[in-house]
Amino acid sequence: MFRFLPLALLLLAACGGTDPRYLIDTAPAETAAPVRLRVATLEVREVSLPAYAEESQILLEGGDGALTPVKGAAWADEPVRAVTLLLADTIGRAGSATVAAEPWPLATPAQAAVEVRVSEMVARASGQFDLKGQFAISSYDHIVRERIVRFDIAVPLGDTSPAGIAAASGLAMRQLAQKITQELSR
């Protein structure tokens with residue numbers, strides 16, 4: 001009886017999830033030259049997403065307003081982690097500061113931090129991807145003016161496939177990173 005256990009476990013593992021997994025599109029935004037930021041170091045705190053956006057399932061809002069999973073598709077990484085790292089990377093490439101995601105990896109604390117709270121992150125069947133919320137810029141030594149800035153970003157959703165949703169979410173995140181970079185340059 002027990003000699004069939006390894007075979008049974010192998011067959012059970014083979015039945016595991018084989019759904020395709022999609023990355024939030026991380027194509028770097030093209031920039032001519034880094035924007036001069038008013039801080040030398042910046043920490044990007046863990047992004048706060050709505051509960052539905054934290055899930056591994058890729059969701060689409062239907063005409064009735066219900067969010068339903070796109071059949072047979074999931075995010076390749078935890079959305080909170082993926083969004084946080086994408087913002088840190090994009091701001092770091094676009095600006096003159098050394099940028100890292102939380103936890104800050106250097107011995108000397110960062111001069112400033114940005115905390116993003118997303119209130120809405122939705123792919124709509126109508127052909128639009130919406131990203132809304134606010135970000136706060138804090139500065140431990142008051143090197144930059146502390147402030148809270150609201151954002152309302154809408155990008156076209158090429159199609160409602162998982163790849164289309166991944167591309168639109170990446171574009172929206174890059175636009176948010178650009179907005180944060182602009183705020184840090186003032």
# chains A, B, ... in the order shown; residues from 1 in each chain; ligands from 1
>>> closest_atom_pairs(of="stretch 100-183 of chain A", to="stretch 67-76 of chain A", cutoff="12 Å", atoms="only C-alpha atoms", output="tab-separated table")
residue	atom	partner	partner_atom	distance
A:Met121	CA	A:Leu67	CA	11.1
A:Val122	CA	A:Leu67	CA	8.5
A:Ala123	CA	A:Leu67	CA	9.0
A:Arg124	CA	A:Leu67	CA	8.9
A:Ala125	CA	A:Leu67	CA	10.0
A:Thr160	CA	A:Val70	CA	8.6
A:Ser161	CA	A:Val70	CA	7.7
A:Pro162	CA	A:Ala73	CA	6.5
A:Ala163	CA	A:Ala73	CA	9.4
A:Gly164	CA	A:Val70	CA	11.4
A:Ile165	CA	A:Val70	CA	9.8
A:Ala166	CA	A:Trp75	CA	8.5
A:Ser169	CA	A:Trp75	CA	11.5
>>> residues_around(residues="A:Phe135", least_positions_apart="5", cutoff="8 Å", atoms="only C-alpha atoms", output="count of residues only")
9
>>> atom_distance(atom1="atom CA of A:Ile153", atom2="atom CA of A:Leu171")
9.8 Å
>>> residues_around(residues="A:Ala51", least_positions_apart="3", cutoff="12 Å", atoms="only C-alpha atoms", output="NGL selection string")
:A and (48 or 54-57 or 59 or 67 or 79-80 or 117-122)
>>> atom_distance(atom1="atom CA of A:Pro105", atom2="atom CA of A:Leu86")
16.8 Å
>>> select_by_dssp(residues="stretch 22-98 of chain A", states="strand (DSSP E or B)", output="PyMOL selection string")
chain A and resi 22+35+41-44+48+57-61+67-75+95+98
